There are 2 protein chains.
Amino acid sequence: MAKVNQDYLKLPGSYLFSEIGRRVREYEAANPESKIIRLGIGDVTRPLCPAVIDALHKATDEMGSAETFHGYAPDLGYEFLRKTIAQKDFGDRGCDISAEEIFVSDGAKCDCGNIQEIFSKDNKIAVCDPVYPDSNVMAGRAGEYDPVNELFSDVIYMPCDASNCFVPDFPKEVPDLIYLCFPNNPTGAVIAKSKLKQWVDYARKNGSVILYDAAYEAFICEEDIPHSIYECEGARECAIEFRSFSKTAGFTGLRLGYTVIPKDLKVEKTPLWNLWARRHGTKYNGAPYIVQRAGEAVYSEEGRAQVNEQISYYMDNAKIILKELKSLGYDVYGGINAPYIWLKTPKNMTSWEFFDYLLTKANVVGTPGSGFGPHGEGYFRLTAFGDREKTKEALNRIKNI
Amino acid sequence: MAKVNQDYLKLPGSYLFSEIGRRVREYEAANPESKIIRLGIGDVTRPLCPAVIDALHKATDEMGSAETFHGYAPDLGYEFLRKTIAQKDFGDRGCDISAEEIFVSDGAKCDCGNIQEIFSKDNKIAVCDPVYPDSNVMAGRAGEYDPVNELFSDVIYMPCDASNCFVPDFPKEVPDLIYLCFPNNPTGAVIAKSKLKQWVDYARKNGSVILYDAAYEAFICEEDIPHSIYECEGARECAIEFRSFSKTAGFTGLRLGYTVIPKDLKVEKTPLWNLWARRHGTKYNGAPYIVQRAGEAVYSEEGRAQVNEQISYYMDNAKIILKELKSLGYDVYGGINAPYIWLKTPKNMTSWEFFDYLLTKANVVGTPGSGFGPHGEGYFRLTAFGDREKTKEALNRIKNI
């Protein structure tokens, strides 16, 4: 008799975004004249840049001719893309990462979840609180879910709030696996290189592995903020890094990312590279050829310039949001090296109270911080991924409440 | 201290195809004049058909304009594709499957492996022997690997050979999960509807779940062979079906497939639909918009005709291989409703002896049956996915040995 995986039954419903959807729908039904502006979900709105579109058309034509058709892709990605990534994202920044250490995939979300498979089930995981729920805990190691406190019993939570500038301190209990995400979703915080180096040293001392989610790396504009954990000496022996084309180049609907596992990273003398290569080969069949060509185009001179323009567009939105909220007296964080603005709710409102306040008074939708974990309570996330005019209009409405 | 998943260490190396590669490379190095013809690997060779290429170009243009850009896809796939699949692959064949029950993915290989996550770890799996290794056992439930017999201790193997027409009998021990693949890879065998109905009844009686891999469904040309397990009454309560665009429409390098989980399929009162939806939403981000549009084009009148032409091309190859081998006195199976030809090695050669024989005498590469499991010993797989002229030339060479 078949049985289900009991760990799946412990998962809470995807409460956050469905609850947001429910409240917005109800409000719209009761107020059909309202023109809702959504600054809640982190999806991009700008179209793919011309260099990427050209690459897609060209690769599509190749797929239509027997001489240039491509069947199964190499398990770990095409050499042309892996080499380009190793050079442009790492070599050019002085990081020692080879093309062989790049695993091309269909996105960081899948990789962040699937990577857990190569570790022992009794390994203990530390995550930041607040944390973006999807790139986070999935079945197996989390223990029991406590719906009152909204925490799993076996997860080590590392509080991040204004008191530590949203960068976690070392937890009391030493974790086996440490998820870090910088620039951070949802707080928009970044980590200084010196602080990240301390985490690398901590992991090496304790035999922990850092799972470093750098999906928002492209939004870093300040100096001294590390773009990769491999800028820190010793990281090759303790860290896996996840990257994504989703926000960098607007690939949320195209699906491309990659994971870096240095050959020096060994756990119990086993190179993790081998285990992940085995998983890729057995349970994955490679990203589409045309999408890998599109990814390559992001690194061309033309593509890089066009993508930077998109990032500037979003970061100009962030500047507008930051400036207006500050002038209104809000405590605001993030938004400088990340497309997320994390604000303290005014007058001790809870995150959901502020959500309802913005929805009903300004018809603006954001994301309640408490949906990301207990330490997100009293905070609220706005994203810079919207259309310029709508972003401006949203801020105008907030000003006029 | 981090620890690795010990189950991963139990996995044998991907011996089969790497060993084939090694022997071919060595032979080529020693015989640089030889012109090897590969009829071993199951990758397609015909380019994508014009209707698919047109759909890719059109969807790419949409992605380049803000008005028609598509960001994150719906977790379970775009409605336009799910509705088309439900109608054309099921409704039109009299199967009661709704669009909601279709989960669009990047391929059957990923789905066949990942589906195991929603079941309890102590569930016992039955697989055919021989079996295509990749869509098969992955870490966790298989027990210990015995490298001498090339079997896992906790897997129930169901022998398939000429004596049972390569269709398994019910095993002595009742499995919780039953992998069936028809048309079969590697044997090319099909299952009669009456026999499949017996498996459905068996699963329902025992509370087992059938994992039905129908990736080669499009190659069925004879009557009375079921295209879907849902042609059997009761399958909605006990079966999950996997489908793929890879071989149907040459999508091996484009990546698209889908899984069907009927809402009636409950295990311990839990609808499996809910668990798989949860996994899709949490650990997957949807197939690319442009690829889903390409998939839709396969079902258009034009696309269907073009795809059928491709399938005929491959099946004409199969006919040539079958006819020639039969005339040479070989015992041959498959090749009628599947693109694989499964032949008995002559003169009691082992599979690898026959591999070396073909490689050195005819410079033709196939796949030794023993690589698929103990009951594959003494058999050999050839595929119909090659170029027509090369296929003919290969058979000519075999004739002239």
# chains A, B, ... in the order shown; residues from 1 in each chain; ligands from 1

call {"tool": "select_by_dssp", "arguments": {"residues": "stretch 124-273 of chain B", "states": "alpha helix (DSSP H)", "output": "PyMOL selection string"}}
result
chain B and resi 193-206+272-273

call {"tool": "write_last_selection", "arguments": {"atoms": "N, CA, C and O atoms", "output": "short mmCIF file (atom, residue, chain, number, x, y, z; two decimals), in the first residue's frame"}}
result
data_model
loop_
_atom_site.label_atom_id
_atom_site.label_comp_id
_atom_site.auth_asym_id
_atom_site.auth_seq_id
_atom_site.Cartn_x
_atom_site.Cartn_y
_atom_site.Cartn_z
N LYS B 193 -4.20 -3.48 -24.14
CA LYS B 193 -5.10 -2.77 -23.25
C LYS B 193 -5.64 -3.70 -22.16
O LYS B 193 -5.74 -3.31 -20.99
N SER B 194 -5.95 -4.93 -22.54
CA SER B 194 -6.50 -5.88 -21.56
C SER B 194 -5.49 -6.18 -20.46
O SER B 194 -5.83 -6.30 -19.29
N LYS B 195 -4.23 -6.26 -20.84
CA LYS B 195 -3.17 -6.55 -19.86
C LYS B 195 -2.95 -5.33 -18.94
O LYS B 195 -2.77 -5.48 -17.73
N LEU B 196 -2.97 -4.14 -19.54
CA LEU B 196 -2.79 -2.93 -18.74
C LEU B 196 -3.93 -2.78 -17.74
O LEU B 196 -3.73 -2.38 -16.59
N LYS B 197 -5.13 -3.16 -18.19
CA LYS B 197 -6.30 -3.10 -17.30
C LYS B 197 -6.07 -4.03 -16.10
O LYS B 197 -6.47 -3.71 -14.97
N GLN B 198 -5.43 -5.19 -16.33
CA GLN B 198 -5.14 -6.09 -15.21
C GLN B 198 -4.21 -5.43 -14.20
O GLN B 198 -4.36 -5.60 -13.00
N TRP B 199 -3.24 -4.67 -14.71
CA TRP B 199 -2.33 -3.94 -13.80
C TRP B 199 -3.08 -2.88 -13.00
O TRP B 199 -2.82 -2.67 -11.82
N VAL B 200 -4.01 -2.20 -13.67
CA VAL B 200 -4.82 -1.19 -12.98
C VAL B 200 -5.63 -1.85 -11.86
O VAL B 200 -5.67 -1.38 -10.72
N ASP B 201 -6.24 -2.99 -12.18
CA ASP B 201 -7.03 -3.70 -11.17
C ASP B 201 -6.15 -4.16 -10.00
O ASP B 201 -6.54 -4.06 -8.84
N TYR B 202 -4.96 -4.66 -10.36
CA TYR B 202 -4.00 -5.12 -9.36
C TYR B 202 -3.60 -3.97 -8.42
O TYR B 202 -3.60 -4.12 -7.19
N ALA B 203 -3.32 -2.82 -8.99
CA ALA B 203 -2.92 -1.65 -8.19
C ALA B 203 -4.06 -1.22 -7.27
O ALA B 203 -3.85 -0.93 -6.09
N ARG B 204 -5.27 -1.19 -7.81
CA ARG B 204 -6.41 -0.75 -7.00
C ARG B 204 -6.66 -1.73 -5.86
O ARG B 204 -6.94 -1.32 -4.73
N LYS B 205 -6.55 -3.02 -6.15
CA LYS B 205 -6.79 -4.05 -5.13
C LYS B 205 -5.77 -3.90 -4.00
O LYS B 205 -6.10 -4.06 -2.82
N ASN B 206 -4.53 -3.57 -4.36
CA ASN B 206 -3.45 -3.56 -3.37
C ASN B 206 -3.10 -2.18 -2.82
O ASN B 206 -2.20 -2.05 -2.00
N LEU B 272 -2.99 13.10 -4.20
CA LEU B 272 -1.60 13.30 -4.63
C LEU B 272 -1.48 14.59 -5.44
O LEU B 272 -0.41 15.20 -5.50
N TRP B 273 -2.58 15.00 -6.08
CA TRP B 273 -2.59 16.26 -6.84
C TRP B 273 -2.08 17.41 -5.96
O TRP B 273 -1.25 18.20 -6.40
#

call {"tool": "residues_around", "arguments": {"residues": "B:Glu296", "least_positions_apart": "6", "cutoff": "10 Å", "atoms": "only C-alpha atoms", "output": "ChimeraX atom specification"}}
result
/B:51-52,55,80-85,290,303

call {"tool": "write_last_selection", "arguments": {"atoms": "all heavy atoms", "output": "PDB file, in the first residue's frame"}}
result
ATOM      1  N   ALA B  51       6.228  24.498 -37.898  1.00  0.00           N
ATOM      2  CA  ALA B  51       5.177  25.086 -37.047  1.00  0.00           C
ATOM      3  C   ALA B  51       5.744  25.434 -35.668  1.00  0.00           C
ATOM      4  O   ALA B  51       5.393  26.460 -35.071  1.00  0.00           O
ATOM      5  CB  ALA B  51       4.005  24.110 -36.908  1.00  0.00           C
ATOM      6  N   VAL B  52       6.634  24.598 -35.169  1.00  0.00           N
ATOM      7  CA  VAL B  52       7.248  24.840 -33.860  1.00  0.00           C
ATOM      8  C   VAL B  52       8.218  26.015 -33.946  1.00  0.00           C
ATOM      9  O   VAL B  52       8.237  26.899 -33.073  1.00  0.00           O
ATOM     10  CB  VAL B  52       7.955  23.557 -33.360  1.00  0.00           C
ATOM     11  CG1 VAL B  52       8.862  23.852 -32.181  1.00  0.00           C
ATOM     12  CG2 VAL B  52       6.923  22.494 -32.999  1.00  0.00           C
ATOM     13  N   ALA B  55       6.286  29.186 -34.026  1.00  0.00           N
ATOM     14  CA  ALA B  55       5.739  29.519 -32.704  1.00  0.00           C
ATOM     15  C   ALA B  55       6.833  30.091 -31.795  1.00  0.00           C
ATOM     16  O   ALA B  55       6.591  31.035 -31.032  1.00  0.00           O
ATOM     17  CB  ALA B  55       5.112  28.276 -32.064  1.00  0.00           C
ATOM     18  N   PHE B  80      -3.427  27.818 -21.819  1.00  0.00           N
ATOM     19  CA  PHE B  80      -3.576  27.505 -23.251  1.00  0.00           C
ATOM     20  C   PHE B  80      -2.992  26.133 -23.572  1.00  0.00           C
ATOM     21  O   PHE B  80      -3.536  25.395 -24.393  1.00  0.00           O
ATOM     22  CB  PHE B  80      -2.964  28.603 -24.141  1.00  0.00           C
ATOM     23  CG  PHE B  80      -1.471  28.800 -24.028  1.00  0.00           C
ATOM     24  CD1 PHE B  80      -0.589  27.921 -24.644  1.00  0.00           C
ATOM     25  CD2 PHE B  80      -0.944  29.872 -23.311  1.00  0.00           C
ATOM     26  CE1 PHE B  80       0.791  28.103 -24.552  1.00  0.00           C
ATOM     27  CE2 PHE B  80       0.423  30.070 -23.209  1.00  0.00           C
ATOM     28  CZ  PHE B  80       1.298  29.174 -23.819  1.00  0.00           C
ATOM     29  N   LEU B  81      -1.888  25.776 -22.907  1.00  0.00           N
ATOM     30  CA  LEU B  81      -1.258  24.492 -23.196  1.00  0.00           C
ATOM     31  C   LEU B  81      -1.967  23.349 -22.456  1.00  0.00           C
ATOM     32  O   LEU B  81      -2.222  22.279 -23.027  1.00  0.00           O
ATOM     33  CB  LEU B  81       0.223  24.534 -22.811  1.00  0.00           C
ATOM     34  CG  LEU B  81       1.007  23.240 -23.080  1.00  0.00           C
ATOM     35  CD1 LEU B  81       0.937  22.843 -24.558  1.00  0.00           C
ATOM     36  CD2 LEU B  81       2.464  23.383 -22.650  1.00  0.00           C
ATOM     37  N   ARG B  82      -2.317  23.582 -21.206  1.00  0.00           N
ATOM     38  CA  ARG B  82      -2.964  22.524 -20.414  1.00  0.00           C
ATOM     39  C   ARG B  82      -4.315  22.132 -21.022  1.00  0.00           C
ATOM     40  O   ARG B  82      -4.668  20.957 -21.081  1.00  0.00           O
ATOM     41  CB  ARG B  82      -3.135  22.995 -18.964  1.00  0.00           C
ATOM     42  CG  ARG B  82      -1.799  23.292 -18.300  1.00  0.00           C
ATOM     43  CD  ARG B  82      -1.988  23.967 -16.954  1.00  0.00           C
ATOM     44  NE  ARG B  82      -2.317  23.014 -15.903  1.00  0.00           N
ATOM     45  CZ  ARG B  82      -2.846  23.357 -14.722  1.00  0.00           C
ATOM     46  NH1 ARG B  82      -3.146  24.626 -14.472  1.00  0.00           N
ATOM     47  NH2 ARG B  82      -3.084  22.455 -13.805  1.00  0.00           N
ATOM     48  N   LYS B  83      -5.052  23.150 -21.500  1.00  0.00           N
ATOM     49  CA  LYS B  83      -6.360  22.865 -22.125  1.00  0.00           C
ATOM     50  C   LYS B  83      -6.180  22.080 -23.414  1.00  0.00           C
ATOM     51  O   LYS B  83      -6.933  21.144 -23.701  1.00  0.00           O
ATOM     52  CB  LYS B  83      -7.069  24.193 -22.444  1.00  0.00           C
ATOM     53  CG  LYS B  83      -7.929  24.708 -21.308  1.00  0.00           C
ATOM     54  CD  LYS B  83      -8.756  25.889 -21.784  1.00  0.00           C
ATOM     55  CE  LYS B  83      -9.626  26.399 -20.666  1.00  0.00           C
ATOM     56  NZ  LYS B  83     -10.153  27.749 -20.950  1.00  0.00           N
ATOM     57  N   THR B  84      -5.196  22.488 -24.212  1.00  0.00           N
ATOM     58  CA  THR B  84      -4.940  21.797 -25.484  1.00  0.00           C
ATOM     59  C   THR B  84      -4.562  20.344 -25.232  1.00  0.00           C
ATOM     60  O   THR B  84      -5.066  19.431 -25.893  1.00  0.00           O
ATOM     61  CB  THR B  84      -3.806  22.518 -26.257  1.00  0.00           C
ATOM     62  OG1 THR B  84      -4.165  23.885 -26.409  1.00  0.00           O
ATOM     63  CG2 THR B  84      -3.589  21.895 -27.613  1.00  0.00           C
ATOM     64  N   ILE B  85      -3.673  20.120 -24.269  1.00  0.00           N
ATOM     65  CA  ILE B  85      -3.245  18.757 -23.944  1.00  0.00           C
ATOM     66  C   ILE B  85      -4.442  17.913 -23.488  1.00  0.00           C
ATOM     67  O   ILE B  85      -4.651  16.790 -23.965  1.00  0.00           O
ATOM     68  CB  ILE B  85      -2.166  18.784 -22.831  1.00  0.00           C
ATOM     69  CG1 ILE B  85      -0.843  19.343 -23.367  1.00  0.00           C
ATOM     70  CG2 ILE B  85      -1.966  17.389 -22.236  1.00  0.00           C
ATOM     71  CD1 ILE B  85       0.189  19.646 -22.290  1.00  0.00           C
ATOM     72  N   ILE B 290       8.041  30.647 -24.054  1.00  0.00           N
ATOM     73  CA  ILE B 290       8.254  30.385 -25.485  1.00  0.00           C
ATOM     74  C   ILE B 290       8.214  28.881 -25.778  1.00  0.00           C
ATOM     75  O   ILE B 290       7.750  28.461 -26.832  1.00  0.00           O
ATOM     76  CB  ILE B 290       9.569  31.017 -26.009  1.00  0.00           C
ATOM     77  CG1 ILE B 290      10.788  30.511 -25.236  1.00  0.00           C
ATOM     78  CG2 ILE B 290       9.509  32.539 -25.952  1.00  0.00           C
ATOM     79  CD1 ILE B 290      12.126  31.036 -25.799  1.00  0.00           C
ATOM     80  N   GLY B 303       1.145  21.599 -37.354  1.00  0.00           N
ATOM     81  CA  GLY B 303       2.176  21.008 -36.490  1.00  0.00           C
ATOM     82  C   GLY B 303       2.024  19.499 -36.383  1.00  0.00           C
ATOM     83  O   GLY B 303       2.997  18.750 -36.473  1.00  0.00           O
TER      84      GLY B 303
END

call {"tool": "atom_distance", "arguments": {"atom1": "atom CA of A:Tyr340", "atom2": "atom CA of B:Tyr78"}}
result
27.8 Å

call {"tool": "atom_distance", "arguments": {"atom1": "atom CA of B:Glu237", "atom2": "atom CA of B:Pro168"}}
result
21.3 Å

call {"tool": "interface_residues", "arguments": {"of": "chain B", "to": "chain A", "cutoff": "7 Å", "atoms": "only C-alpha atoms", "output": "VMD selection string"}}
result
chain B and resid 1 to 6 8 43 to 44 46 to 50 53 56 to 57 60 63 to 66 69 to 73 109 to 110 113 117 to 121 123 134 176 to 177 206 to 209 252 to 255 267 to 268 275 282 to 284 288 to 289

call {"tool": "residues_around", "arguments": {"residues": "A:Gly378", "least_positions_apart": "6", "cutoff": "7 Å", "atoms": "only C-alpha atoms", "output": "tab-separated table (two decimals) with N, CA and C atoms, in the first residue's frame"}}
result
chain	number	residue	atom	x	y	z
A	344	LYS	N	9.77	50.13	7.90
A	344	LYS	CA	9.17	49.93	9.22
A	344	LYS	C	7.76	50.50	9.15
A	345	THR	N	6.78	49.70	9.58
A	345	THR	CA	5.41	50.21	9.54
A	345	THR	C	5.26	51.34	10.57
A	348	ASN	N	3.41	51.68	15.01
A	348	ASN	CA	3.32	50.31	15.55
A	348	ASN	C	2.22	49.45	14.92
A	349	MET	N	1.87	49.78	13.70
A	349	MET	CA	0.92	48.89	13.00
A	349	MET	C	1.59	47.54	12.79
A	350	THR	N	0.79	46.46	12.80
A	350	THR	CA	1.33	45.17	12.39
A	350	THR	C	1.50	45.22	10.86
A	351	SER	N	2.24	44.26	10.33
A	351	SER	CA	2.47	44.23	8.88
A	351	SER	C	1.15	44.13	8.11
A	369	GLY	N	5.66	42.10	5.94
A	369	GLY	CA	6.92	41.49	6.38
A	369	GLY	C	6.73	40.25	7.22
